[in-house]
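Step one of this worksheet: look at the structure below.
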Amino acid sequence: MALFPDTLILGGGIIGLSLAYELAGRGQQVRVLDRGQIGREASWTGAGMLPACKFRTRAEPRDWLGGYSSQLHAEWAERLREETGIDNGYRQCGGIYLASDHATANELLSTCDGWRREGLNAKWLHASDLEKDEPALAGVYDRYPLTGAAFVAEESQIRNPRHLRALVAACQRLGVEVSPGVEVFDFETAGQRVAKVRTSAGDLESGSVVIAAGAWSAALAARLNVHLDIKPIRGQIALLDCGRSPLKRIVILGSHYLVPRDDGRVLVGSTQEDVGFERGETVGALIELMTFATRLSPAFKAAKLERSWHGFRPASATNWPYLGRLPNLSNGYIAAGHHRQGLWLSTGTAVIMSRLVRGEATGVDLSSFSPP
């Protein structure tokens with residue numbers, strides 16, 4: 001590692017690690033700082049769902065980012081496995097979306113039509129179709145006030161902890177200096193540049209500085225007189241050991257979901273709680289999640305509750321991330337505020353932010369993602 005890295009990334013979650021991987025792969029010297037353990041906040045706690053979408057070069061910027069990210073996930077999974085020997089669990093398992101009122105059903109029907117126009121393998125499911133495709137959901141219309149269902153084959157998943165391990169290993173292989181337990185206190189600026197980053201490991205210098213600290217990004221940006229409306233939204237999730245999963249596909253109903261893993265475990269999520277940085281799991285949330293799972297399929301009543309956990313999603317006012325250069329700073333950047341979409345959008349975020357930091361054309365208009 002050079003005395004001063006080309007880029008210093010503040011935040012060792014999925015966004016920071018993905019950007020480090022991309023920058024280092026393009027020849028940059030990179031250092032990643034995290035106040036805690038690497039990748040152990042929202043990045044580790046998510047379910048790893050990757051929505052179905054096709055990449056279209058002429059799409060609106062947000063659709064462009066989503067489609068590009070989905071395309072890259074398949075490529076990255078193969079590349080990371082080749083480079084590190086770690087299988088991140090990328091699987092195209094398909095997804096079933098459920099609607100519980102007429103307005104949502106109409107939106108879902110429109111979404112299903114959109115999937116088909118994009119060339120995705122999608123179809124509307126009637127009650128008999130749903131039970132045929134997922135026998136564990138037989139009788140669900142009697143247990144839940146459902147108004148519609150749709151299936152899309154291209155819905156995918158990865159296993160967050162494995163993906164993070166693969167990224168850390170790949171970054172280290174490329175010479176990235178990964179520094180857990182280093183807290184950032186403040187910045188020193190000179191003109192329109194971040195001159196130094198004041199940390200618990202001393203003052204650090206670099207060519208560029210990227211804030212990618214998830215729900216903690218707003219506090220760091222405020223030290224540079226940039227005010228971001230990113231706040232933490234706590235999400236709780238539970239892991240069930242079913243021996244053999246009764247489901248083959250991801251099932252999504254509003255903000256709740258079931259994600260079956262190949263090893264017989266099923267993730268049940270998730271809550272959305274505006275409680276600041278209040279840590280811990282609650283009985284109420286667990287009841288909410290278990291009620292959701294067992295109402296969808298009584299088969300889950302026999303499952304073992306293996307564990308539960310929580311994380312803090314970085315939510316912006318638009319629920320889309322801030323990506324770009326920080327106002328009035330030539331070498332300061334932001335990549336944060338992905339809310340529930342951090343894992344999904346991490347690959348596309350890494351590529352376009354890498355291009356921006358290295359002075360290349362990003363390939364997409366970033367004005368939709370600009371910080372205020």
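The way I read the labels, and the way they are meant: chains A, B, ... in the order of the structure tokens, residue 1 as the first residue of every chain, and ligand 1 as the first ligand shown, with later ones counted on from there.
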**OP:** Can you check which residues of range 168-233 of chain A DSSP gives as strand (DSSP E) on the backbone and send them as a list in words?
**Re:**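 Reading the DSSP output for range 168-233 of chain A, strand (DSSP E) covers Glu177, Val178, Ser179, Val184, Phe185, Asp186, Phe187, Glu188, Thr189, Ala190, Arg193, Val194, Ala195, Lys196, Val197, Arg198, Thr199, Gly202, Asp203, Leu204, Ser208, Val209, Val210, Ile211, Lys231, Pro232 and Ile233 of chain A.
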**OP:** Skip Gly114 in chain A itself and residues of its chain fewer than 2 positions away, then list as a VMD selection string all residues within 12 Å of it, counting only C-alpha atoms.
**Re:** chain A and resid 52 to 54 107 to 112 116 to 124 150 152
Original post:
From the list A:Val266, A:Ala201, A:Ala47, A:Ala361, which residue is nearest Arg162 in chain A when using only C-alpha atoms?
Top reply: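 Counting only C-alpha atoms, the residue closest to Arg162 in chain A is A:Ala47.
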**OP:** Do a neighbour search on range 217-225 of chain A at 10 Å with only C-alpha atoms, toss out local chain neighbours closer than 3 positions, and write the hits as a PyMOL selection string.
**Re:** chain A and resi 10-11+184-189+194+211-214+228-232+314+316+326-329+332-337
Subject >> Counting only C-alpha atoms, the residue of A:Ser346, A:Asn160, A:Ser206, A:Gln236 that sits nearest Leu8 in chain A >> reply: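 Closest to Leu8 in chain A, using only C-alpha atoms: A:Ser206.
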Original post:
Looking at only C-alpha atoms, which of A:Val197, A:Val226, A:Ala190, A:Val168 is the one that sits closest to Thr7 in chain A?
Top reply: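 Of A:Val197, A:Val226, A:Ala190, A:Val168, the one nearest Thr7 in chain A is A:Val197, counting only C-alpha atoms.
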Original post:
Which one is closest to Ile86 in chain A: A:Leu296, A:Ala166, A:Val357, A:Ala74? Count only C-alpha atoms.
Top reply: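 Smallest distance to Ile86 in chain A is found for A:Ala166.
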Original post:
What is the CA of Asp263 in chain A to CA of Trp309 in chain A distance in Å?
Top reply: 19.3 Å
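Residue nearest Ile9 in chain A, chosen from A:Ala127, A:Leu345, A:Ser354, A:Pro260 and counting only C-alpha atoms: A:Ser354.
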Original post:
Counting only C-alpha atoms, which of A:Ser308, A:Ser208, A:Ser100, A:Thr147 gets nearest to Asn331 in chain A?
Top reply: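 Counting only C-alpha atoms, the residue closest to Asn331 in chain A is A:Ser208.
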